[in-house]
$ cat query-v6.cif   # mmCIF, C-alpha atoms
data_my_file
#
loop_
_atom_site.label_atom_id
_atom_site.label_comp_id
_atom_site.auth_asym_id
_atom_site.auth_seq_id
_atom_site.Cartn_x
_atom_site.Cartn_y
_atom_site.Cartn_z
CA MET A 2 0.00 0.00 0.00
CA ASN A 3 3.04 2.22 0.45
CA ARG A 4 3.30 2.31 -3.33
CA ASP A 5 -0.11 3.90 -3.62
CA ARG A 6 0.76 6.48 -1.00
CA SER A 7 3.84 7.42 -3.04
CA LEU A 8 1.73 7.59 -6.17
CA VAL A 9 -0.73 10.00 -4.54
CA GLN A 10 2.15 12.13 -3.21
CA ILE A 11 3.73 12.28 -6.66
CA ALA A 12 0.40 13.43 -8.12
CA LEU A 13 0.02 15.98 -5.30
CA TYR A 14 3.37 17.69 -5.92
CA ALA A 15 2.79 17.64 -9.67
CA ALA A 16 -0.48 19.45 -8.94
CA ILE A 17 1.27 21.90 -6.59
CA ILE A 18 3.68 22.79 -9.41
CA ALA A 19 0.66 23.32 -11.64
CA ALA A 20 -1.19 25.42 -9.04
CA LEU A 21 1.87 27.63 -8.60
CA GLY A 22 1.76 28.38 -12.33
CA LEU A 23 -2.01 28.89 -12.48
CA LEU A 24 -1.87 31.94 -10.27
CA PRO A 25 -0.41 35.05 -11.83
CA LYS A 26 -0.71 36.68 -8.40
CA PHE A 27 2.21 34.63 -7.25
CA ASN A 28 4.61 36.06 -9.74
CA ILE A 29 7.36 37.56 -7.64
CA PRO A 30 7.80 41.22 -8.62
CA LEU A 31 11.55 41.55 -8.93
CA ALA A 32 14.42 41.79 -11.40
CA GLY A 33 13.05 44.79 -13.23
CA GLY A 34 9.85 43.48 -14.73
CA VAL A 35 11.20 40.10 -15.80
CA PRO A 36 8.30 37.70 -15.29
CA ILE A 37 9.35 35.22 -12.65
CA THR A 38 7.04 32.32 -12.19
CA ALA A 39 6.74 30.33 -9.03
CA GLN A 40 6.91 27.11 -10.99
CA THR A 41 10.60 26.42 -10.38
CA LEU A 42 9.78 26.91 -6.69
CA GLY A 43 7.46 23.94 -7.14
CA LEU A 44 10.20 21.71 -8.48
CA MET A 45 12.54 22.68 -5.65
CA LEU A 46 9.77 21.77 -3.20
CA ALA A 47 9.12 18.44 -4.93
CA GLY A 48 12.80 17.54 -4.51
CA ILE A 49 13.01 18.80 -0.92
CA MET A 50 9.84 17.11 0.27
CA LEU A 51 9.80 13.86 -1.70
CA GLY A 52 13.49 13.09 -2.21
CA PRO A 53 15.23 12.33 -5.50
CA VAL A 54 13.19 9.57 -7.13
CA ARG A 55 9.66 10.57 -6.24
CA GLY A 56 10.52 14.26 -6.67
CA ALA A 57 11.78 13.67 -10.20
CA LEU A 58 8.78 11.45 -10.98
CA SER A 59 6.33 14.12 -9.89
CA VAL A 60 8.05 16.69 -12.13
CA LEU A 61 8.00 14.19 -15.01
CA LEU A 62 4.29 13.63 -14.43
CA PHE A 63 3.70 17.38 -14.53
CA LEU A 64 5.63 17.76 -17.80
CA PHE A 65 3.87 14.78 -19.32
CA VAL A 66 0.43 16.23 -18.60
CA VAL A 67 1.62 19.57 -20.05
CA ALA A 68 2.79 17.78 -23.20
CA LEU A 69 -0.62 16.11 -23.48
CA GLY A 70 -2.17 19.54 -23.88
CA ALA A 71 -3.04 20.80 -20.40
CA PRO A 72 -2.30 24.55 -20.16
CA LEU A 73 -0.51 24.24 -16.82
CA LEU A 74 2.75 26.07 -17.45
CA ALA A 75 2.84 29.64 -16.11
CA GLY A 76 0.74 31.98 -18.22
CA GLY A 77 -1.59 29.20 -19.36
CA ARG A 78 0.90 27.67 -21.76
CA GLY A 79 1.00 24.00 -22.59
CA GLY A 80 0.89 21.45 -25.35
CA LEU A 81 3.71 20.17 -27.51
CA GLY A 82 4.55 23.71 -28.63
CA VAL A 83 6.36 24.59 -25.40
CA PHE A 84 8.78 21.73 -26.05
CA ALA A 85 9.76 23.47 -29.30
CA GLY A 86 10.36 26.84 -27.61
CA PRO A 87 13.61 28.50 -26.59
CA THR A 88 13.13 27.43 -22.97
CA VAL A 89 12.95 23.71 -23.74
CA GLY A 90 16.34 23.17 -22.07
CA PHE A 91 14.81 24.27 -18.77
CA LEU A 92 11.91 21.87 -19.18
CA VAL A 93 14.34 19.02 -19.86
CA GLY A 94 16.32 20.10 -16.80
CA PHE A 95 13.23 20.22 -14.51
CA PRO A 96 13.22 16.52 -13.50
CA VAL A 97 17.03 16.40 -13.19
CA ALA A 98 16.93 19.52 -11.02
CA ALA A 99 14.30 17.95 -8.75
CA PHE A 100 16.37 14.77 -8.58
CA VAL A 101 19.57 16.59 -7.59
CA THR A 102 17.67 18.72 -5.06
CA GLY A 103 16.26 15.58 -3.44
CA TRP A 104 19.59 13.77 -3.56
CA LEU A 105 21.37 16.68 -1.86
CA MET A 106 18.64 16.76 0.79
CA GLN A 107 19.55 13.17 1.63
CA GLN A 108 23.28 13.90 1.63
CA LEU A 109 22.77 16.89 3.94
CA ARG A 110 20.52 15.15 6.43
CA GLN A 111 23.02 15.84 9.23
CA ASN A 112 22.46 19.59 8.79
CA GLN A 113 19.51 21.66 9.92
CA LEU A 114 16.46 21.30 7.69
CA PHE A 115 16.51 24.95 6.62
CA ILE A 116 20.19 24.92 5.66
CA ALA A 117 19.95 21.56 3.90
CA ALA A 118 16.91 22.73 1.92
CA LEU A 119 18.55 26.03 0.97
CA ILE A 120 21.76 24.42 -0.29
CA ALA A 121 19.83 21.69 -2.09
CA SER A 122 17.54 24.19 -3.87
CA VAL A 123 20.37 26.48 -4.91
CA CYS A 124 22.48 23.63 -6.29
CA GLY A 125 19.65 21.53 -7.74
CA GLY A 126 17.00 24.10 -8.60
CA ILE A 127 19.32 26.79 -9.95
CA ILE A 128 22.77 25.50 -10.94
CA VAL A 129 21.66 22.17 -12.41
CA LEU A 130 18.63 23.76 -14.04
CA TYR A 131 20.75 26.39 -15.81
CA LEU A 132 23.26 23.73 -16.89
CA PHE A 133 20.40 22.41 -19.01
CA GLY A 134 18.61 25.66 -19.78
CA VAL A 135 21.49 27.67 -21.19
CA PRO A 136 22.79 25.06 -23.70
CA GLY A 137 19.16 24.35 -24.66
CA MET A 138 18.59 28.00 -25.41
CA ALA A 139 21.89 28.30 -27.31
CA LEU A 140 20.87 25.29 -29.40
CA MET A 141 17.31 26.45 -30.15
CA THR A 142 18.22 30.05 -30.95
CA SER A 143 21.63 29.37 -32.57
CA LEU A 144 23.11 31.98 -30.24
CA THR A 145 26.56 31.44 -28.82
CA PHE A 146 26.73 29.87 -25.40
CA GLY A 147 27.96 33.11 -23.83
CA ALA A 148 25.21 35.25 -25.37
CA ALA A 149 22.52 32.83 -24.21
CA ALA A 150 24.00 32.79 -20.71
CA LYS A 151 24.03 36.59 -20.56
CA ALA A 152 20.44 36.82 -21.80
CA ILE A 153 19.32 34.57 -18.98
CA LEU A 154 21.32 36.00 -16.09
CA VAL A 155 18.47 38.39 -15.21
CA PHE A 156 16.52 35.46 -13.79
CA ILE A 157 19.16 34.50 -11.22
CA PRO A 158 18.22 36.96 -8.41
CA GLY A 159 14.59 35.82 -8.55
CA ASP A 160 15.68 32.21 -8.45
CA LEU A 161 17.78 32.84 -5.35
CA ILE A 162 14.72 34.30 -3.65
CA LYS A 163 12.72 31.25 -4.67
CA ALA A 164 15.36 28.95 -3.17
CA LEU A 165 15.14 30.92 0.07
CA ILE A 166 11.35 30.70 0.04
CA ALA A 167 11.50 26.95 -0.66
CA ALA A 168 13.75 26.47 2.39
CA LEU A 169 11.52 28.66 4.59
CA LEU A 170 8.45 26.72 3.44
CA ALA A 171 10.09 23.37 4.15
CA ARG A 172 10.94 24.48 7.68
CA ALA A 173 7.50 25.95 8.35
CA ILE A 174 5.71 22.88 7.00
CA SER A 175 7.83 20.42 8.97
CA ARG A 176 7.08 22.38 12.15
CA ALA A 177 3.36 22.58 11.50
CA LYS A 178 3.03 18.98 10.37
CA PRO A 179 5.86 16.74 11.54
CA GLY A 180 6.62 13.89 9.18
CA SER A 181 5.70 15.79 6.03
CA VAL A 182 9.33 16.17 4.91
CA PRO A 183 10.28 12.48 4.73
CA SER A 184 13.63 13.23 3.09
CA HIS A 185 14.99 14.73 6.34
CA PRO A 186 15.12 13.27 9.90
CA ALA A 187 13.87 16.54 11.42
CA GLY A 188 11.05 16.80 8.87
CA MET B 6 -11.07 18.51 -18.58
CA ILE B 7 -8.78 21.52 -18.91
CA SER B 8 -7.09 21.26 -22.28
CA LEU B 9 -5.97 23.34 -25.21
CA TYR B 10 -7.90 21.01 -27.55
CA LEU B 11 -9.97 22.75 -30.19
CA GLU B 12 -13.51 21.35 -30.15
CA GLN B 13 -14.45 21.16 -33.83
CA GLN B 14 -13.82 19.18 -37.00
CA SER B 15 -11.11 19.61 -39.62
CA TRP B 16 -8.97 17.44 -41.85
CA LEU B 17 -6.24 17.56 -39.22
CA HIS B 18 -8.65 16.38 -36.51
CA ARG B 19 -9.47 13.33 -38.63
CA LEU B 20 -5.86 12.27 -39.16
CA PRO B 21 -4.73 9.47 -36.82
CA THR B 22 -2.78 10.73 -33.80
CA SER B 23 0.24 8.54 -34.55
CA ALA B 24 0.52 10.02 -38.06
CA LYS B 25 0.44 13.55 -36.61
CA LEU B 26 3.11 12.78 -34.02
CA ILE B 27 5.41 11.13 -36.57
CA ALA B 28 4.96 14.00 -39.02
CA LEU B 29 5.73 16.47 -36.21
CA ALA B 30 8.90 14.63 -35.24
CA LEU B 31 10.14 14.40 -38.84
CA SER B 32 9.42 18.03 -39.70
CA SER B 33 11.05 19.23 -36.45
CA VAL B 34 14.27 17.38 -37.31
CA ALA B 35 14.13 18.74 -40.86
CA LEU B 36 13.64 22.31 -39.62
CA LEU B 37 16.70 22.12 -37.39
CA THR B 38 18.88 21.56 -40.47
CA VAL B 39 17.47 24.43 -42.59
CA ALA B 40 19.90 27.35 -42.92
CA SER B 41 18.43 29.26 -45.88
CA PRO B 42 16.15 32.17 -44.92
CA TRP B 43 13.92 31.56 -47.97
CA ILE B 44 13.26 27.91 -47.16
CA MET B 45 12.57 28.95 -43.55
CA LEU B 46 10.10 31.60 -44.71
CA ALA B 47 8.38 29.02 -46.93
CA ALA B 48 8.10 26.64 -43.96
CA LEU B 49 6.65 29.38 -41.76
CA LEU B 50 4.11 30.34 -44.43
CA GLY B 51 3.25 26.66 -44.84
CA ALA B 52 2.55 26.36 -41.11
CA ILE B 53 0.38 29.49 -41.21
CA LEU B 54 -1.53 28.10 -44.21
CA ILE B 55 -2.35 24.95 -42.22
CA TYR B 56 -3.80 27.14 -39.45
CA LEU B 57 -5.91 28.98 -42.05
CA SER B 58 -7.18 25.68 -43.44
CA LEU B 59 -8.36 24.49 -40.01
CA ALA B 60 -11.58 26.44 -39.73
CA PRO B 61 -13.21 29.68 -40.80
CA GLN B 62 -11.30 31.36 -37.97
CA GLY B 63 -8.19 29.22 -37.91
CA TRP B 64 -5.95 32.29 -37.93
CA ARG B 65 -7.13 33.12 -34.45
CA HIS B 66 -5.16 30.25 -33.02
CA LEU B 67 -1.92 31.74 -34.30
CA SER B 68 -2.17 33.97 -31.22
CA ALA B 69 -0.98 30.97 -29.15
CA ALA B 70 2.50 32.11 -30.19
CA ARG B 71 2.02 35.52 -28.60
CA PRO B 72 3.89 34.76 -25.33
CA LEU B 73 6.92 33.90 -27.49
CA ILE B 74 7.16 37.35 -29.08
CA PRO B 75 9.29 39.18 -26.46
CA PHE B 76 11.65 36.22 -26.46
CA LEU B 77 11.89 36.19 -30.24
CA LEU B 78 12.60 39.93 -30.41
CA ALA B 79 15.34 39.61 -27.79
CA ILE B 80 16.92 36.78 -29.77
CA LEU B 81 16.79 38.85 -32.95
CA VAL B 82 18.52 41.77 -31.23
CA ILE B 83 21.25 39.57 -29.73
CA HIS B 84 21.83 37.97 -33.13
CA TYR B 85 22.04 41.37 -34.78
CA PHE B 86 24.87 42.36 -32.44
CA THR B 87 26.74 39.06 -32.35
CA ASP B 88 26.52 37.90 -36.00
CA THR B 89 24.13 38.81 -38.80
CA LEU B 90 20.50 39.80 -39.05
CA VAL B 91 19.88 36.99 -41.55
CA GLU B 92 21.04 34.44 -38.98
CA GLY B 93 18.66 36.03 -36.50
CA CYS B 94 15.74 35.85 -38.92
CA VAL B 95 16.42 32.18 -39.67
CA SER B 96 16.52 31.22 -36.00
CA LEU B 97 13.42 33.33 -35.29
CA GLY B 98 11.60 31.65 -38.17
CA ARG B 99 12.70 28.23 -36.98
CA LEU B 100 11.44 28.77 -33.43
CA LEU B 101 8.15 30.20 -34.59
CA THR B 102 7.56 27.40 -37.12
CA LEU B 103 8.50 24.67 -34.64
CA PHE B 104 6.15 26.15 -32.07
CA LEU B 105 3.28 26.54 -34.52
CA ILE B 106 3.43 23.00 -35.91
CA ALA B 107 3.78 21.42 -32.46
CA ASN B 108 0.83 23.47 -31.27
CA LEU B 109 -1.19 22.20 -34.26
CA VAL B 110 -0.98 18.65 -32.90
CA THR B 111 -2.15 19.83 -29.48
CA LEU B 112 -5.03 21.83 -30.97
CA THR B 113 -6.36 18.95 -33.02
CA THR B 114 -5.80 15.92 -30.76
CA ARG B 115 -7.87 14.96 -27.73
CA MET B 116 -5.93 14.28 -24.54
CA ASN B 117 -7.40 10.77 -24.35
CA ASP B 118 -6.32 9.98 -27.92
CA MET B 119 -2.84 11.18 -27.08
CA ILE B 120 -2.67 8.92 -23.98
CA ASN B 121 -3.99 5.95 -25.95
CA THR B 122 -1.50 6.48 -28.76
CA LEU B 123 1.39 6.76 -26.32
CA GLN B 124 0.26 3.71 -24.31
CA PRO B 125 2.66 1.27 -26.08
CA CYS B 126 5.56 3.57 -25.16
CA PHE B 127 4.81 2.95 -21.48
CA LYS B 128 5.26 -0.82 -21.78
CA PRO B 129 9.02 -0.69 -21.05
CA LEU B 130 8.17 1.04 -17.75
CA GLN B 131 6.89 -2.31 -16.49
CA LEU B 132 10.51 -3.43 -16.29
CA PHE B 133 10.94 -0.85 -13.54
CA GLY B 134 7.78 -1.97 -11.81
CA ILE B 135 5.62 0.94 -12.99
CA GLN B 136 2.28 -0.31 -14.27
CA PRO B 137 0.67 1.65 -17.12
CA ARG B 138 -2.45 1.66 -14.96
CA SER B 139 -0.67 3.48 -12.12
CA LEU B 140 0.45 6.09 -14.61
CA ALA B 141 -3.13 6.61 -15.78
CA LEU B 142 -4.21 6.95 -12.12
CA ALA B 143 -1.42 9.45 -11.41
CA ILE B 144 -2.47 11.57 -14.40
CA ALA B 145 -6.11 11.50 -13.34
CA LEU B 146 -5.21 12.39 -9.72
CA MET B 147 -3.00 15.27 -10.76
CA ILE B 148 -5.59 16.71 -13.14
CA ARG B 149 -8.12 16.56 -10.29
CA PHE B 150 -5.75 17.92 -7.60
CA ALA B 151 -4.66 20.98 -9.62
CA PRO B 152 -8.03 22.84 -9.67
CA VAL B 153 -8.73 21.84 -6.03
CA LEU B 154 -5.43 23.37 -4.93
CA ALA B 155 -6.06 26.47 -7.03
CA LYS B 156 -9.42 26.83 -5.27
CA VAL B 157 -7.82 26.39 -1.82
CA LEU B 158 -5.22 29.00 -2.69
CA GLU B 159 -7.94 31.38 -3.83
CA SER B 160 -9.85 31.11 -0.56
CA LEU B 161 -6.64 31.42 1.48
CA ASP B 162 -5.89 34.57 -0.49
CA GLU B 163 -9.35 36.01 0.17
CA ALA B 164 -9.03 35.33 3.89
CA TRP B 165 -5.56 36.89 3.89
CA ARG B 166 -6.82 40.04 2.21
CA ALA B 167 -9.83 40.22 4.54
CA ARG B 168 -7.40 40.30 7.46
CA GLY B 169 -5.53 43.18 5.86
CA GLY B 170 -3.17 41.29 3.61
CA GLY B 171 0.44 42.16 3.22
CA LYS B 172 3.32 41.85 0.87
CA GLN B 173 4.72 38.45 1.75
CA LYS B 174 2.12 36.45 -0.04
CA TRP B 175 4.34 33.40 -0.34
CA ARG B 176 3.41 32.69 3.29
CA LEU B 177 0.06 31.42 1.99
CA LEU B 178 1.93 28.50 0.48
CA VAL B 179 2.46 27.00 3.95
CA PRO B 180 -1.26 26.34 4.64
CA LEU B 181 -1.75 25.47 0.97
CA ILE B 182 0.83 22.68 1.02
CA ILE B 183 -0.29 21.44 4.44
CA GLN B 184 -3.87 21.22 3.19
CA GLY B 185 -2.58 19.48 0.07
CA ILE B 186 -0.67 16.91 2.13
CA THR B 187 -3.73 16.28 4.30
CA LEU B 188 -5.85 15.88 1.19
CA SER B 189 -3.39 13.44 -0.34
CA GLU B 190 -3.38 11.38 2.87
CA HIS B 191 -7.16 11.11 2.73
CA VAL B 192 -7.01 10.08 -0.92
CA ALA B 193 -4.29 7.50 -0.20
CA ASP B 194 -6.41 6.05 2.64
CA ALA B 195 -9.47 5.94 0.41
CA LEU B 196 -7.43 4.20 -2.26
CA ALA B 197 -6.10 1.67 0.25
CA ALA B 198 -9.62 1.05 1.58
CA ARG B 199 -10.70 0.15 -1.95
CA GLY B 200 -7.91 -2.38 -2.39
CA GLY B 201 -5.22 -0.04 -3.74
CA SER B 202 -4.58 1.02 -7.33
CA ALA B 203 -4.19 -2.65 -8.32
CA GLY B 204 -7.78 -3.29 -7.31
CA LEU B 205 -9.26 -0.47 -9.32
CA ASN B 206 -11.39 -1.05 -12.35
CA LYS B 207 -9.34 -1.01 -15.54
CA ARG B 208 -11.06 2.02 -16.97
CA ILE B 209 -10.10 5.13 -15.06
#
$ encode --input "query-v6.cif" --output "structure tokens"
Amino acid sequence: MNRDRSLVQIALYAAIIAALGLLPKFNIPLAGGVPITAQTLGLMLAGIMLGPVRGALSVLLFLFVVALGAPLLAGGRGGLGVFAGPTVGFLVGFPVAAFVTGWLMQQLRQNQLFIAALIASVCGGIIVLYLFGVPGMALMTSLTFGAAAKAILVFIPGDLIKALIAALLARAISRAKPGSVPSHPAG
Amino acid sequence: MISLYLEQQSWLHRLPTSAKLIALALSSVALLTVASPWIMLAALLGAILIYLSLAPQGWRHLSAARPLIPFLLAILVIHYFTDTLVEGCVSLGRLLTLFLIANLVTLTTRMNDMINTLQPCFKPLQLFGIQPRSLALAIALMIRFAPVLAKVLESLDEAWRARGGGKQKWRLLVPLIIQGITLSEHVADALAARGGSAGLNKRI
């Protein structure tokens, strides 16, 4: 029966990622008008809360349902078209980012939950994600690697804030509902 | 069900899903190799013509590409400064064409048809112990959870504003996720009480 519980949790975090994108109100107003969606916050959370395998699976489930035609990406986008866009590298990096975030959470279990979650989200949800996103953008737009990297740097400050929020959320949730962060002993 | 599917009839709706997906894959690969601006323009016009042939108001659906525009302009500008404008136009045309043809498949294919067509691709997952049926259940659960969570977030937001609100709206995510976890526990219990996902009827 544990399997089914995992399945429901995977579906839940996939839906949380979707809900974060459904609400334009949650766009964080920063970085000079660059639209920052909360969706990458969702993938950090999936990794932090569920650990590497289930976290990555829930992100894969989300992407799969988007590819099927559900308009669940921020701004009501969806369908196969988004996988042909300049940001496809980020979409490919989503599950890997969630995996690395979850894996780091497990490696850092000796540390405090907040610190572990912060380091895991910065490394997994930002560094790993951009390792996929920037080459993907360079490939799709035939820009040089450097030009693509420069064009995308504006998103970094917002992403750092999201990593901080993800860590704060993990701590608050584990306090309010012990046992809800299974990837960490304190959770 | 929330979907970008276009509820009507056209020649593209009648084509089998597998044919559309294979055609999309082949034309995407072909487009990535095109370097001539004229061939790219022809491809773009071809894609637009297909939209026009869809329905009396097929051109309306071209607006799906609108969120791409700021991105495309930025790419054009960067190309202009790093190499040539022609290069920029080719890569802009490629992105736009790729997006438009991929979106055509989404517009003209029902979500269920897409899942059914992709079903054979899930067979290898059984090697890892993932049953195709669990996947179908996960999709159904997620599609149901998403609007419920959006609704919960909306009412949390209303309550927050009624109490005076504030700037740090991300704090609402704490009760949202806790309510989500509670909800998922109830669903998991209900599933277990019915014999688990293995005991469910085949048609979900």
$ interface_residues --input "query-v6.cif" --of "chain B" --to "chain A" --cutoff "7 Å" --atoms "all atoms listed in the file" --output "PyMOL selection string"
chain B and resi 7-10+80+84+96+100+103-105+107-108+111+116+119+143-144+146-147+150-151+154-155+179+183+185+189+193+197+201-202
$ write_last_selection --input "query-v6.cif" --atoms "C-alpha atoms" --output "tab-separated table (two decimals), in the coordinates of the input"
chain	number	residue	atom	x	y	z
B	7	ILE	CA	-8.78	21.52	-18.91
B	8	SER	CA	-7.09	21.26	-22.28
B	9	LEU	CA	-5.97	23.34	-25.21
B	10	TYR	CA	-7.90	21.01	-27.55
B	80	ILE	CA	16.92	36.78	-29.77
B	84	HIS	CA	21.83	37.97	-33.13
B	96	SER	CA	16.52	31.22	-36.00
B	100	LEU	CA	11.44	28.77	-33.43
B	103	LEU	CA	8.50	24.67	-34.64
B	104	PHE	CA	6.15	26.15	-32.07
B	105	LEU	CA	3.28	26.54	-34.52
B	107	ALA	CA	3.78	21.42	-32.46
B	108	ASN	CA	0.83	23.47	-31.27
B	111	THR	CA	-2.15	19.83	-29.48
B	116	MET	CA	-5.93	14.28	-24.54
B	119	MET	CA	-2.84	11.18	-27.08
B	143	ALA	CA	-1.42	9.45	-11.41
B	144	ILE	CA	-2.47	11.57	-14.40
B	146	LEU	CA	-5.21	12.39	-9.72
B	147	MET	CA	-3.00	15.27	-10.76
B	150	PHE	CA	-5.75	17.92	-7.60
B	151	ALA	CA	-4.66	20.98	-9.62
B	154	LEU	CA	-5.43	23.37	-4.93
B	155	ALA	CA	-6.06	26.47	-7.03
B	179	VAL	CA	2.46	27.00	3.95
B	183	ILE	CA	-0.29	21.44	4.44
B	185	GLY	CA	-2.58	19.48	0.07
B	189	SER	CA	-3.39	13.44	-0.34
B	193	ALA	CA	-4.29	7.50	-0.20
B	197	ALA	CA	-6.10	1.67	0.25
B	201	GLY	CA	-5.22	-0.04	-3.74
B	202	SER	CA	-4.58	1.02	-7.33
$ residues_around --input "query-v6.cif" --residues "stretch 122-137 of chain A" --least-positions-apart "2" --cutoff "8 Å" --atoms "all atoms listed in the file" --output "JSON, numbers by chain"
{"A": [41, 42, 44, 45, 49, 87, 88, 89, 90, 91, 92, 93, 94, 95, 97, 98, 99, 100, 101, 102, 105, 118, 119, 120, 139, 140, 141, 146, 149, 150, 153, 157, 160, 161, 164, 167, 168]}
$ residues_around --input "query-v6.cif" --residues "B:Ser33" --least-positions-apart "3" --cutoff "9 Å" --atoms "all atoms listed in the file" --output "PyMOL selection string"
(chain A and resi 85) or (chain B and resi 28-30+36-37+102-103+106-107)
$ atom_distance --input "query-v6.cif" --atom1 "atom CA of B:Gly171" --atom2 "atom CA of B:Gln184"
21.4 Å
$ atom_distance --input "query-v6.cif" --atom1 "atom CA of B:Ile135" --atom2 "atom CA of A:Val60"
16.0 Å
$ resolve_selection --input "query-v6.cif" --expression "the PyMOL selection byres ((chain B and resi 48-51) around 12)" --output "PyMOL selection string"
chain B and resi 32-33+35-37+39-47+52-58+67+94-106
$ atom_distance --input "query-v6.cif" --atom1 "atom CA of A:Ile162" --atom2 "atom CA of B:Trp175"
10.9 Å
$ residues_near_point --input "query-v6.cif" --point "(-5.7, 15.7, -43.2)" --cutoff "12 Å" --atoms "all atoms listed in the file" --output "PDB file with C-alpha atoms, in the frame of the given file"
ATOM      1  CA  GLN B  14     -13.820  19.180 -37.000  1.00  0.00           C
ATOM      2  CA  SER B  15     -11.110  19.610 -39.620  1.00  0.00           C
ATOM      3  CA  TRP B  16      -8.970  17.440 -41.850  1.00  0.00           C
ATOM      4  CA  LEU B  17      -6.240  17.560 -39.220  1.00  0.00           C
ATOM      5  CA  HIS B  18      -8.650  16.380 -36.510  1.00  0.00           C
ATOM      6  CA  ARG B  19      -9.470  13.330 -38.630  1.00  0.00           C
ATOM      7  CA  LEU B  20      -5.860  12.270 -39.160  1.00  0.00           C
ATOM      8  CA  PRO B  21      -4.730   9.470 -36.820  1.00  0.00           C
ATOM      9  CA  THR B  22      -2.780  10.730 -33.800  1.00  0.00           C
ATOM     10  CA  ALA B  24       0.520  10.020 -38.060  1.00  0.00           C
ATOM     11  CA  LYS B  25       0.440  13.550 -36.610  1.00  0.00           C
ATOM     12  CA  ALA B  28       4.960  14.000 -39.020  1.00  0.00           C
ATOM     13  CA  ILE B  55      -2.350  24.950 -42.220  1.00  0.00           C
ATOM     14  CA  SER B  58      -7.180  25.680 -43.440  1.00  0.00           C
ATOM     15  CA  LEU B  59      -8.360  24.490 -40.010  1.00  0.00           C
ATOM     16  CA  LEU B 109      -1.190  22.200 -34.260  1.00  0.00           C
ATOM     17  CA  VAL B 110      -0.980  18.650 -32.900  1.00  0.00           C
ATOM     18  CA  THR B 113      -6.360  18.950 -33.020  1.00  0.00           C
TER      19      THR B 113
END
$ closest_residue --input "query-v6.cif" --among "B:Ile182, B:Ile27, B:Ala145, B:Val82" --to "A:Val182" --atoms "all atoms listed in the file"
B:Ile182
